[in-house]
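> protein.cif (mmCIF, C-alpha atoms and all ligand atoms) pasted underneath:
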data_my_file
#
loop_
_atom_site.label_atom_id
_atom_site.label_comp_id
_atom_site.auth_asym_id
_atom_site.auth_seq_id
_atom_site.Cartn_x
_atom_site.Cartn_y
_atom_site.Cartn_z
CA MET A 1 -41.93 -17.98 30.79
CA HIS A 2 -44.33 -18.24 33.75
CA GLY A 3 -44.25 -16.75 37.25
CA PRO A 4 -44.22 -13.13 38.35
CA LEU A 5 -43.02 -10.53 35.86
CA THR A 6 -39.97 -9.58 37.90
CA ASP A 7 -38.79 -13.21 37.93
CA ARG A 8 -39.30 -13.56 34.22
CA ILE A 9 -37.35 -10.35 33.59
CA ALA A 10 -34.53 -11.52 35.86
CA GLU A 11 -34.44 -14.86 34.03
CA MET A 12 -34.40 -13.11 30.63
CA LYS A 13 -31.56 -10.83 31.76
CA GLU A 14 -29.56 -13.81 32.92
CA THR A 15 -30.04 -15.52 29.54
CA VAL A 16 -29.01 -12.39 27.62
CA ARG A 17 -25.93 -11.95 29.78
CA ARG A 18 -24.89 -15.57 29.35
CA LEU A 19 -25.39 -15.55 25.58
CA ALA A 20 -23.74 -12.14 25.15
CA ARG A 21 -20.69 -13.46 27.03
CA THR A 22 -20.41 -16.62 24.95
CA MET A 23 -21.69 -15.79 21.47
CA PRO A 24 -19.00 -16.25 18.77
CA VAL A 25 -17.94 -12.96 17.25
CA THR A 26 -16.78 -11.83 13.83
CA ASP A 27 -14.33 -8.99 14.44
CA MET A 28 -14.80 -6.95 11.28
CA HIS A 29 -11.93 -4.46 11.71
CA THR A 30 -8.59 -5.24 13.35
CA HIS A 31 -4.88 -4.79 12.77
CA LEU A 32 -4.17 -8.46 13.54
CA TYR A 33 -2.70 -11.03 11.17
CA PRO A 34 -2.33 -14.80 11.03
CA ALA A 35 1.02 -16.32 12.03
CA GLU A 36 2.26 -16.56 8.44
CA PHE A 37 2.63 -12.76 8.38
CA GLY A 38 5.48 -13.12 10.88
CA GLU A 39 6.36 -9.96 12.78
CA LEU A 40 3.26 -8.14 11.56
CA LEU A 41 1.26 -10.04 14.15
CA LEU A 42 2.04 -8.31 17.45
CA TRP A 43 1.60 -10.31 20.64
CA GLY A 44 3.00 -10.59 24.16
CA VAL A 45 3.53 -8.34 27.18
CA ASP A 46 5.98 -5.90 25.66
CA GLU A 47 3.76 -5.28 22.63
CA LEU A 48 0.75 -4.89 24.91
CA LEU A 49 2.54 -2.34 27.06
CA THR A 50 3.82 -0.36 24.09
CA TYR A 51 0.35 -0.17 22.47
CA HIS A 52 0.07 3.38 21.14
CA TYR A 53 -2.97 4.08 23.33
CA LEU A 54 -0.71 3.48 26.38
CA ILE A 55 2.21 5.43 24.96
CA SER A 56 0.17 8.62 24.82
CA GLU A 57 -1.22 8.02 28.31
CA SER A 58 2.23 7.47 29.78
CA PHE A 59 3.69 10.70 28.36
CA ARG A 60 1.18 12.61 30.45
CA TRP A 61 3.20 11.58 33.50
CA SER A 62 6.62 12.56 32.22
CA GLU A 63 8.64 15.42 30.87
CA VAL A 64 11.38 13.37 29.22
CA PRO A 65 12.04 14.37 25.61
CA TYR A 66 9.99 12.22 23.23
CA ASP A 67 13.12 11.08 21.44
CA ASP A 68 14.59 9.68 24.64
CA PHE A 69 11.63 7.36 24.83
CA TRP A 70 11.84 6.38 21.16
CA SER A 71 15.55 5.57 21.51
CA LEU A 72 14.81 2.90 24.15
CA THR A 73 14.45 -0.74 23.20
CA LYS A 74 10.92 -2.12 23.14
CA ARG A 75 11.52 -3.87 26.44
CA GLU A 76 12.81 -0.68 28.04
CA GLN A 77 9.83 1.26 26.71
CA ALA A 78 7.54 -1.37 28.18
CA ASN A 79 9.30 -1.13 31.57
CA TRP A 80 8.94 2.63 31.52
CA ILE A 81 5.24 2.52 30.66
CA TRP A 82 4.66 -0.17 33.28
CA ARG A 83 6.20 2.06 35.91
CA LYS A 84 4.38 5.23 34.87
CA LEU A 85 0.92 3.79 34.33
CA PHE A 86 0.78 0.76 36.60
CA MET A 87 3.18 1.37 39.49
CA ASP A 88 3.25 5.14 40.01
CA HIS A 89 -0.50 5.50 39.31
CA SER A 90 -3.49 3.20 39.29
CA PRO A 91 -4.40 1.60 35.94
CA ILE A 92 -7.98 2.80 35.77
CA SER A 93 -8.18 3.98 32.15
CA GLU A 94 -9.79 1.69 29.57
CA ALA A 95 -6.49 0.71 27.97
CA THR A 96 -4.60 0.16 31.22
CA SER A 97 -7.39 -1.71 33.01
CA GLY A 98 -7.79 -3.77 29.85
CA LEU A 99 -4.28 -5.09 30.32
CA ILE A 100 -5.17 -6.21 33.84
CA THR A 101 -8.20 -8.02 32.43
CA ILE A 102 -5.90 -9.78 29.95
CA PHE A 103 -3.50 -10.89 32.70
CA ASN A 104 -6.39 -12.13 34.79
CA ARG A 105 -8.08 -14.09 31.99
CA MET A 106 -4.72 -15.65 31.12
CA GLY A 107 -4.54 -16.98 34.66
CA LEU A 108 -1.73 -14.67 35.83
CA ASN A 109 -1.59 -13.34 39.36
CA THR A 110 -2.57 -9.68 38.97
CA ALA A 111 -1.86 -9.08 42.67
CA SER A 112 1.86 -9.79 42.22
CA ARG A 113 2.44 -6.78 39.92
CA ASP A 114 5.57 -8.60 38.80
CA LEU A 115 6.28 -7.73 35.19
CA ASP A 116 9.01 -10.34 34.82
CA GLU A 117 6.66 -13.00 36.07
CA TYR A 118 4.17 -11.93 33.39
CA ARG A 119 6.86 -12.00 30.72
CA ALA A 120 7.83 -15.49 31.81
CA ALA A 121 4.26 -16.67 31.23
CA TRP A 122 4.65 -15.87 27.53
CA ALA A 123 8.20 -17.21 27.21
CA ASP A 124 7.41 -20.81 26.29
CA ARG A 125 4.39 -20.14 24.11
CA THR A 126 4.34 -20.26 20.32
CA VAL A 127 2.40 -17.70 18.35
CA GLU A 128 0.16 -20.45 16.98
CA GLN A 129 -0.76 -21.61 20.50
CA GLN A 130 -1.39 -18.08 21.59
CA LEU A 131 -3.62 -17.39 18.60
CA ASP A 132 -5.71 -20.47 19.38
CA ASP A 133 -5.92 -19.68 23.09
CA VAL A 134 -6.73 -16.01 22.74
CA MET A 135 -9.39 -16.60 20.09
CA ARG A 136 -10.90 -19.29 22.31
CA ILE A 137 -10.90 -17.09 25.42
CA ALA A 138 -12.27 -14.07 23.51
CA LYS A 139 -14.67 -16.29 21.52
CA VAL A 140 -13.73 -14.51 18.35
CA ASN A 141 -14.13 -16.92 15.44
CA GLU A 142 -13.36 -14.69 12.47
CA ILE A 143 -10.94 -11.77 12.23
CA VAL A 144 -10.80 -9.22 9.45
CA MET A 145 -7.33 -7.74 8.93
CA THR A 146 -6.31 -4.33 7.58
CA ASN A 147 -4.27 -5.00 4.44
CA ASP A 148 -2.15 -2.39 2.76
CA PRO A 149 -0.37 -3.45 -0.46
CA PHE A 150 2.02 -0.53 -0.02
CA ASP A 151 3.44 -2.10 3.13
CA PRO A 152 6.49 -4.00 1.84
CA GLN A 153 6.45 -6.59 4.62
CA GLU A 154 2.85 -7.42 3.99
CA ARG A 155 3.14 -7.30 0.21
CA LYS A 156 5.85 -9.95 0.28
CA VAL A 157 3.45 -12.44 1.88
CA TRP A 158 0.68 -11.80 -0.65
CA LEU A 159 2.98 -11.81 -3.67
CA SER A 160 4.43 -15.15 -2.66
CA GLY A 161 0.93 -16.61 -2.76
CA GLY A 162 0.45 -16.53 1.02
CA GLY A 163 -2.08 -14.81 3.22
CA LYS A 164 -4.86 -17.34 3.05
CA THR A 165 -3.73 -20.40 4.93
CA ASP A 166 -5.45 -19.54 8.22
CA SER A 167 -9.16 -19.73 7.46
CA ARG A 168 -10.07 -17.68 10.55
CA PHE A 169 -8.57 -14.56 8.95
CA TYR A 170 -10.05 -12.43 6.16
CA ALA A 171 -8.61 -9.51 4.24
CA ALA A 172 -9.78 -5.90 3.85
CA LEU A 173 -8.02 -3.81 1.22
CA ARG A 174 -6.94 -0.57 2.87
CA ILE A 175 -6.27 2.29 0.49
CA ASP A 176 -5.63 5.39 2.62
CA SER A 177 -2.86 6.85 0.52
CA LEU A 178 -4.85 6.61 -2.73
CA LEU A 179 -7.27 9.11 -1.23
CA ASN A 180 -5.21 10.98 1.36
CA ASP A 181 -1.68 11.08 -0.01
CA TRP A 182 -1.89 10.82 -3.78
CA PRO A 183 1.77 11.81 -4.49
CA ARG A 184 2.94 8.95 -2.28
CA ALA A 185 0.43 6.58 -3.87
CA VAL A 186 1.71 7.55 -7.33
CA SER A 187 5.28 6.70 -6.46
CA GLU A 188 4.24 3.42 -4.76
CA LEU A 189 2.11 2.45 -7.76
CA GLN A 190 4.90 3.31 -10.16
CA GLY A 191 7.24 1.18 -8.07
CA LEU A 192 4.82 -1.71 -8.47
CA GLY A 193 4.77 -1.26 -12.24
CA TYR A 194 1.51 0.64 -12.73
CA GLN A 195 1.56 3.39 -15.38
CA VAL A 196 0.25 6.25 -13.26
CA VAL A 197 1.07 9.94 -13.10
CA GLU A 198 -0.08 12.62 -10.67
CA ALA A 199 -2.47 14.13 -13.24
CA TRP A 200 -5.80 12.31 -13.40
CA THR A 201 -5.34 10.95 -16.92
CA GLU A 202 -7.36 8.18 -18.57
CA GLU A 203 -4.41 5.83 -18.28
CA THR A 204 -3.95 6.67 -14.61
CA LYS A 205 -7.61 5.90 -13.91
CA ASP A 206 -7.35 2.59 -15.76
CA GLU A 207 -4.22 1.68 -13.88
CA VAL A 208 -5.68 2.54 -10.47
CA ARG A 209 -8.67 0.35 -11.32
CA ARG A 210 -6.31 -2.41 -12.38
CA PHE A 211 -4.37 -2.07 -9.11
CA LEU A 212 -7.57 -2.26 -7.03
CA THR A 213 -8.89 -5.20 -8.99
CA GLU A 214 -5.67 -7.18 -8.80
CA TRP A 215 -5.34 -6.70 -5.05
CA ILE A 216 -8.99 -7.41 -4.32
CA VAL A 217 -8.63 -10.69 -6.16
CA ARG A 218 -5.23 -11.54 -4.69
CA MET A 219 -6.42 -10.96 -1.13
CA ASP A 220 -9.99 -12.10 -1.70
CA ALA A 221 -10.82 -8.87 0.15
CA LEU A 222 -14.16 -8.66 1.95
CA TYR A 223 -14.31 -4.90 1.53
CA VAL A 224 -12.26 -1.87 0.50
CA ALA A 225 -11.53 0.58 3.34
CA VAL A 226 -10.23 4.05 3.96
CA SER A 227 -9.85 6.39 6.92
CA LEU A 228 -10.62 10.02 6.16
CA PRO A 229 -10.22 13.35 7.94
CA GLY A 230 -13.20 15.19 9.39
CA ASP A 231 -13.07 17.72 6.58
CA PHE A 232 -13.72 15.05 3.95
CA GLY A 233 -16.34 16.41 1.61
CA TYR A 234 -18.28 14.83 -1.25
CA PRO A 235 -19.00 15.64 -4.00
CA LEU A 236 -16.26 18.18 -4.55
CA ASP A 237 -14.12 19.12 -7.50
CA ASP A 238 -11.15 17.38 -5.92
CA HIS A 239 -8.94 14.34 -6.10
CA ARG A 240 -10.92 12.34 -3.54
CA SER A 241 -14.23 12.74 -5.35
CA ARG A 242 -12.66 11.78 -8.68
CA MET A 243 -10.92 8.77 -7.15
CA ILE A 244 -14.15 7.60 -5.53
CA ASP A 245 -16.35 8.17 -8.59
CA GLU A 246 -14.00 6.95 -11.27
CA ALA A 247 -11.95 4.24 -9.62
CA ILE A 248 -13.12 2.99 -6.23
CA VAL A 249 -16.89 2.79 -6.68
CA PRO A 250 -16.71 1.27 -10.18
CA VAL A 251 -14.32 -1.44 -8.96
CA CYS A 252 -16.30 -2.09 -5.76
CA ARG A 253 -19.46 -2.43 -7.83
CA ALA A 254 -17.83 -4.78 -10.29
CA HIS A 255 -16.85 -7.04 -7.40
CA ALA A 256 -19.99 -6.39 -5.29
CA LEU A 257 -17.76 -5.19 -2.44
CA PRO A 258 -18.72 -2.68 0.24
CA PHE A 259 -16.62 0.44 0.68
CA ALA A 260 -15.78 1.09 4.35
CA LEU A 261 -15.49 4.74 5.34
CA MET A 262 -13.82 5.55 8.65
CA ILE A 263 -14.29 9.26 9.00
CA GLY A 264 -13.04 11.87 11.44
CA VAL A 265 -9.35 11.37 12.06
CA ARG A 266 -6.82 14.18 12.07
CA ARG A 267 -3.51 12.45 11.53
CA GLN A 268 -0.37 13.53 13.33
CA VAL A 269 -1.55 16.50 15.39
CA ASN A 270 1.50 15.69 17.48
CA PRO A 271 4.07 14.02 15.23
CA LEU A 272 6.45 13.58 18.18
CA LEU A 273 4.10 10.88 19.43
CA ARG A 274 4.39 8.99 16.13
CA LEU A 275 1.57 6.40 15.79
CA ALA A 276 0.06 7.75 19.02
CA GLY A 277 -0.13 11.29 17.62
CA ASP A 278 -3.52 11.20 15.83
CA MET A 279 -6.58 13.11 16.99
CA SER A 280 -10.32 12.90 16.42
CA MET A 281 -12.19 15.49 14.41
CA ARG A 282 -15.84 16.29 13.85
CA ALA A 283 -17.00 15.40 10.34
CA ASP A 284 -19.71 16.38 7.91
CA ALA A 285 -22.14 13.49 7.53
CA THR A 286 -23.66 15.05 4.41
CA ALA A 287 -20.68 13.68 2.48
CA VAL A 288 -21.81 10.14 3.32
CA GLU A 289 -25.38 11.10 2.58
CA ALA A 290 -24.43 12.31 -0.91
CA LEU A 291 -22.49 9.13 -1.62
CA CYS A 292 -25.37 6.91 -0.51
CA ARG A 293 -27.88 8.84 -2.59
CA ARG A 294 -25.70 8.78 -5.66
CA TYR A 295 -24.86 5.10 -5.39
CA PRO A 296 -27.92 3.33 -3.97
CA ASP A 297 -26.57 -0.06 -5.04
CA GLN A 298 -23.17 0.46 -3.46
CA LYS A 299 -22.89 -0.68 0.16
CA PHE A 300 -21.04 1.50 2.65
CA LEU A 301 -19.75 0.33 6.01
CA VAL A 302 -19.43 3.53 8.01
CA THR A 303 -17.89 4.51 11.33
CA MET A 304 -17.05 7.97 12.61
CA LEU A 305 -14.58 9.05 15.23
CA ALA A 306 -16.16 12.10 16.83
CA ARG A 307 -18.76 11.53 19.51
CA GLU A 308 -20.66 14.51 18.06
CA ASN A 309 -21.27 12.64 14.79
CA GLN A 310 -22.71 9.45 16.24
CA HIS A 311 -26.37 10.34 16.51
CA GLU A 312 -26.69 11.73 13.01
CA LEU A 313 -24.81 8.75 11.62
CA ALA A 314 -27.38 6.42 13.19
CA VAL A 315 -30.17 8.58 11.77
CA LEU A 316 -28.48 8.47 8.36
CA ALA A 317 -28.60 4.68 8.47
CA ARG A 318 -32.39 4.93 8.87
CA LYS A 319 -32.49 6.80 5.55
CA PHE A 320 -30.12 4.64 3.55
CA ARG A 321 -30.25 0.86 3.69
CA ASN A 322 -26.94 0.79 1.83
CA VAL A 323 -25.26 2.08 5.01
CA MET A 324 -24.19 -0.21 7.82
CA VAL A 325 -23.00 1.65 10.89
CA PHE A 326 -20.20 -0.20 12.62
CA GLY A 327 -18.16 -0.12 15.80
CA CYS A 328 -17.18 2.37 18.47
CA TRP A 329 -13.94 3.47 16.93
CA TRP A 330 -10.64 4.16 18.74
CA PHE A 331 -11.27 6.97 21.33
CA LEU A 332 -14.91 5.88 21.44
CA HIS A 333 -13.88 2.36 22.40
CA ILE A 334 -14.27 3.17 26.08
CA GLU A 335 -17.03 1.74 28.19
CA SER A 336 -19.04 4.94 28.71
CA MET A 337 -19.12 5.70 24.97
CA VAL A 338 -19.86 2.10 23.99
CA GLU A 339 -22.85 2.18 26.31
CA GLU A 340 -24.15 5.54 25.10
CA MET A 341 -23.69 4.68 21.42
CA THR A 342 -25.09 1.17 21.69
CA ARG A 343 -28.17 2.52 23.47
CA PHE A 344 -29.16 5.02 20.85
CA ARG A 345 -28.16 2.78 17.97
CA LEU A 346 -30.49 0.05 19.24
CA GLU A 347 -33.19 2.64 19.90
CA LEU A 348 -32.88 4.08 16.38
CA LEU A 349 -32.00 0.99 14.38
CA GLY A 350 -33.09 -2.02 16.40
CA THR A 351 -30.60 -4.81 15.83
CA ALA A 352 -29.73 -3.65 12.29
CA THR A 353 -26.25 -2.44 13.20
CA ILE A 354 -22.75 -3.80 13.88
CA PRO A 355 -22.24 -2.54 17.43
CA GLN A 356 -18.54 -3.20 17.75
CA HIS A 357 -15.23 -4.10 16.18
CA SER A 358 -12.06 -4.40 18.25
CA ASP A 359 -9.41 -2.49 16.27
CA CYS A 360 -6.88 -4.66 18.12
CA ARG A 361 -3.27 -4.12 17.23
CA VAL A 362 -1.94 -6.70 19.68
CA LEU A 363 -3.41 -10.19 19.73
CA GLU A 364 -4.26 -10.50 23.43
CA GLN A 365 -6.27 -7.25 23.34
CA LEU A 366 -9.08 -9.33 21.82
CA ILE A 367 -9.67 -10.60 25.36
CA TYR A 368 -10.49 -7.32 27.07
CA LYS A 369 -11.90 -5.37 24.16
CA TRP A 370 -14.52 -8.01 23.47
CA GLU A 371 -15.26 -8.84 27.08
CA HIS A 372 -15.96 -5.20 27.94
CA SER A 373 -18.13 -4.68 24.86
CA ARG A 374 -20.06 -7.96 25.15
CA THR A 375 -21.16 -7.06 28.66
CA ILE A 376 -22.38 -3.61 27.67
CA ILE A 377 -24.12 -4.74 24.48
CA GLY A 378 -25.86 -7.54 26.42
CA ASP A 379 -27.01 -5.17 29.16
CA VAL A 380 -28.36 -2.60 26.72
CA LEU A 381 -30.19 -5.29 24.75
CA ALA A 382 -31.67 -6.70 27.96
CA ASP A 383 -32.98 -3.25 28.88
CA ARG A 384 -34.77 -3.05 25.53
CA TYR A 385 -36.32 -6.49 26.08
CA GLU A 386 -37.38 -5.48 29.60
CA ARG A 387 -39.47 -2.68 28.10
CA LEU A 388 -41.25 -5.30 25.95
CA TYR A 389 -41.80 -7.59 28.92
CA ARG A 390 -43.56 -4.80 30.77
CA GLU A 391 -45.96 -4.60 27.83
CA GLY A 392 -46.60 -8.34 27.83
CA TRP A 393 -44.26 -9.26 24.90
CA GLN A 394 -41.67 -11.90 25.72
CA VAL A 395 -38.64 -13.18 23.86
CA THR A 396 -37.61 -16.80 23.65
CA GLU A 397 -34.04 -17.95 24.13
CA ALA A 398 -33.91 -18.70 20.40
CA GLU A 399 -34.91 -15.12 19.63
CA ILE A 400 -32.29 -13.71 22.00
CA GLN A 401 -29.76 -15.95 20.31
CA ARG A 402 -30.88 -14.74 16.86
CA ASP A 403 -30.62 -11.07 17.86
CA LEU A 404 -27.17 -11.47 19.36
CA GLU A 405 -25.98 -13.43 16.35
CA ASP A 406 -27.17 -10.58 14.14
CA LEU A 407 -25.24 -8.05 16.25
CA PHE A 408 -22.05 -10.06 16.73
CA SER A 409 -21.64 -11.58 13.28
CA ARG A 410 -24.56 -12.14 10.91
CA ASN A 411 -25.26 -8.47 10.10
CA PHE A 412 -21.71 -8.13 8.84
CA TRP A 413 -21.76 -11.23 6.65
CA THR A 414 -25.23 -10.53 5.29
CA PHE A 415 -24.43 -6.91 4.51
CA ILE A 416 -21.29 -7.81 2.59
CA GLY A 417 -23.22 -10.57 0.83
CA ARG A 418 -20.97 -13.43 1.86
CA LYS A 419 -23.23 -15.68 3.92
O1 LIG B 501 -7.28 2.37 16.53
C1 LIG B 501 -6.11 2.49 16.15
O2 LIG B 501 -5.22 1.74 16.56
C2 LIG B 501 -5.75 3.58 15.20
O3 LIG B 501 -4.40 3.78 15.26
C3 LIG B 501 -6.03 3.31 13.75
O4 LIG B 501 -5.46 2.11 13.38
C4 LIG B 501 -7.39 3.27 13.22
O5 LIG B 501 -8.17 2.31 13.85
C5 LIG B 501 -7.35 3.01 11.75
O6 LIG B 501 -7.65 1.90 11.31
O7 LIG B 501 -6.98 3.95 11.04
ZN ZN B 502 -8.08 0.53 12.83
#
If you convert what's in this file into structure tokens, what do you get?
Ligand code: RAT
Ligand code: ZN

Amino acid sequence: MHGPLTDRIAEMKETVRRLARTMPVTDMHTHLYPAEFGELLLWGVDELLTYHYLISESFRWSEVPYDDFWSLTKREQANWIWRKLFMDHSPISEATSGLITIFNRMGLNTASRDLDEYRAAWADRTVEQQLDDVMRIAKVNEIVMTNDPFDPQERKVWLSGGGKTDSRFYAALRIDSLLNDWPRAVSELQGLGYQVVEAWTEETKDEVRRFLTEWIVRMDALYVAVSLPGDFGYPLDDHRSRMIDEAIVPVCRAHALPFALMIGVRRQVNPLLRLAGDMSMRADATAVEALCRRYPDQKFLVTMLARENQHELAVLARKFRNVMVFGCWWFLHIESMVEEMTRFRLELLGTATIPQHSDCRVLEQLIYKWEHSRTIIGDVLADRYERLYREGWQVTEAEIQRDLEDLFSRNFWTFIGRK
């Protein structure tokens, strides 16, 4: 705390960097599962290579019919992607370079470029070991899943009383089809024994509320979540507004659960790409504004997919304390966007935000997604402190620690009212 200003700033930056690299993280939105969910937890080289972000990148280098690719085995698909994105071209994109970071942090020789050698490194590992090792390397202590009761594989685990044996994992009830594909939801709900019909009858409302309540309790869900297209509007005289007003919000309120809105996705703009075929879409933030005004006691975790929406979303959070902005979602989870968004979020909101979630679909991705983000978040925070130092205000290590804890975990737990 003494000595010339430049030394003190350098020392502060070093402390921020060290703590940002090592601070335990709560990853509040992923597509990962504990081992008891079996095949739903994706891990290993072939899953990493066939990540849908890499599938869409690899098609840019090929004219083969999409179906030829889909008819390959997973291992063959992985070989093909490896060749296209890592051998024939340099892996400089976020998703490809991330894989190199993973190999490096796992102690593999990235210079060898030998895919079989990498596969061999996974061959004698159990999923339990890998979960422990990856979470230790990434310093991720808590992982929130994405849990869809309409997924038969997943439902089986919950209905047999499972889903809660690994205390590092938490559930989030995902309800996309209730809002985005009501006919499908009706037939799923009917299949599960709920007395619903497509018309929005009193009985249907009651039964949807019963469904939500039963699954919230069964999963001990931390929040209820949905992804929505950019043209989501509220309030409207439509199914979504009725579902929100008469089923989702009442149930969330009864259980004091936040409702997570992930807005701005246009599903399946290229269906031939399957899971990789979704696009981003600019959204209308006034829908969120109207929800927050109407339900001041309902908490909303909100992320948006279009870069164009980010600034107004951060401003919106200044107006409504029941909004918590979270993460740099999907196509925004690239270093340049994480830096830009983190900068103006900290400038507009201070540390009252959740700067990142990983959205990992494959276990080992926790390693690169968090490492890249930790570095950026630490650097941006250090720049904000530097400004204070130049005005004579200094921060202690304990204060840096407090601020990073807020960003990496406490803001989430406090907002949802769990810690
Ligand atoms: O980021 C992704 O992998 C997307 O495919 C989606 O899962 C998105 O994050 C979502 O949760 O809808
Ligand atoms: Zn996701």
> Pick from A:Leu257, A:Val362, A:Leu19, A:Ala78: nearest to ligand LIG 501 (chain B), with all atoms listed in the file counted?
A:Val362
> May I have the protein, DNA and RNA residues with an atom at most 9 Å from (-13.9, -0.8, 22.6), counting only C-alpha atoms in the file's coordinates, returned as a ChimeraX atom specification?
/A:94,327-335,337-338,356-359,368-370,372-373
> Between atom CA of Val265 of chain A and atom CA of Ser280 of chain A, what is the spacing in Å?
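Going from atom CA of Ser280 of chain A over to atom CA of Val265 of chain A, I get 4.7 Å.
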> Nearest to Tyr223 of chain A: which of A:Arg318, A:Arg418, A:Arg390, A:Arg17 is it, counting only C-alpha atoms?
A:Arg418
> Quick one: residues within 7 Å of segment 247-251 of chain A, all atoms listed in the file, excluding same-chain residues fewer than 3 positions away - as an MDAnalysis selection string?
chainID A and resid 205 208:209 213 243:244 254:255
> Name the residues, by chain letter and number, that sit within 7 Å of ligand ZN 502 (chain B) using only C-alpha atoms and all ligand atoms, and give them as a PyMOL selection string.
chain A and resi 29-31+359
> Around the point (1.8, -0.9, -0.6) in the file's coordinates, collect all residues with an atom within 10 Å, using all atoms listed in the file, and return them as a PyMOL selection string.
chain A and resi 147-156+174-175+177+185+188-189+191-192
> Pick out the closest residue to Leu178 of chain A from this set: A:Gln195, A:Thr353, A:Thr101, A:Ser241. Count all atoms listed in the file.
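Checking each of A:Gln195, A:Thr353, A:Thr101, A:Ser241 against Leu178 of chain A, counting all atoms listed in the file, the winner is A:Ser241.
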> Quick one, how far is atom CA of Leu407 of chain A from atom CA of Ile137 of chain A?
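Atom-to-atom, atom CA of Leu407 of chain A and atom CA of Ile137 of chain A are spaced 19.3 Å apart.
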> Set the distance at 7 Å and use all atoms listed in the file: which residues neighbour Leu32 of chain A once local chain neighbours fewer than 6 positions away are removed? I'd like the list as a PyMOL selection string.
chain A and resi 41+145+360-363
> All heavy atoms are needed for segment 82-86 of chain A; please write them out as a compact mmCIF listing (two decimals), in the coordinates of the input.

# COMPACT_ATOMS: atom_id res chain seq x y z
N TRP A 82 5.16 0.60 32.13
CA TRP A 82 4.66 -0.17 33.28
C TRP A 82 4.79 0.66 34.56
O TRP A 82 3.88 0.77 35.37
CB TRP A 82 5.44 -1.49 33.40
CG TRP A 82 5.07 -2.31 34.60
CD1 TRP A 82 5.82 -2.49 35.72
CD2 TRP A 82 3.86 -3.05 34.80
NE1 TRP A 82 5.16 -3.30 36.61
CE2 TRP A 82 3.95 -3.65 36.08
CE3 TRP A 82 2.71 -3.26 34.03
CZ2 TRP A 82 2.93 -4.47 36.60
CZ3 TRP A 82 1.70 -4.07 34.55
CH2 TRP A 82 1.82 -4.65 35.83
N ARG A 83 5.97 1.26 34.70
CA ARG A 83 6.20 2.06 35.91
C ARG A 83 5.25 3.26 35.96
O ARG A 83 4.57 3.50 36.96
CB ARG A 83 7.68 2.50 35.99
CG ARG A 83 8.03 3.20 37.30
CD ARG A 83 9.52 3.12 37.64
NE ARG A 83 10.35 3.34 36.45
CZ ARG A 83 10.63 4.53 35.92
NH1 ARG A 83 10.14 5.62 36.44
NH2 ARG A 83 11.39 4.64 34.85
N LYS A 84 5.21 4.00 34.88
CA LYS A 84 4.38 5.23 34.87
C LYS A 84 2.90 4.93 35.10
O LYS A 84 2.23 5.62 35.87
CB LYS A 84 4.50 5.95 33.51
CG LYS A 84 5.84 6.50 33.20
CD LYS A 84 6.05 7.85 33.87
CE LYS A 84 7.48 8.31 33.76
NZ LYS A 84 8.14 8.58 35.01
N LEU A 85 2.38 3.96 34.35
CA LEU A 85 0.92 3.79 34.33
C LEU A 85 0.39 2.74 35.30
O LEU A 85 -0.80 2.74 35.61
CB LEU A 85 0.45 3.43 32.91
CG LEU A 85 0.64 4.50 31.84
CD1 LEU A 85 0.12 4.00 30.49
CD2 LEU A 85 -0.08 5.80 32.22
N PHE A 86 1.28 1.85 35.76
CA PHE A 86 0.78 0.76 36.60
C PHE A 86 1.34 0.80 38.02
O PHE A 86 0.70 0.35 38.95
CB PHE A 86 1.07 -0.60 35.95
CG PHE A 86 0.33 -0.80 34.65
CD1 PHE A 86 0.79 -0.24 33.47
CD2 PHE A 86 -0.85 -1.53 34.62
CE1 PHE A 86 0.09 -0.42 32.28
CE2 PHE A 86 -1.56 -1.71 33.43
CZ PHE A 86 -1.08 -1.15 32.26
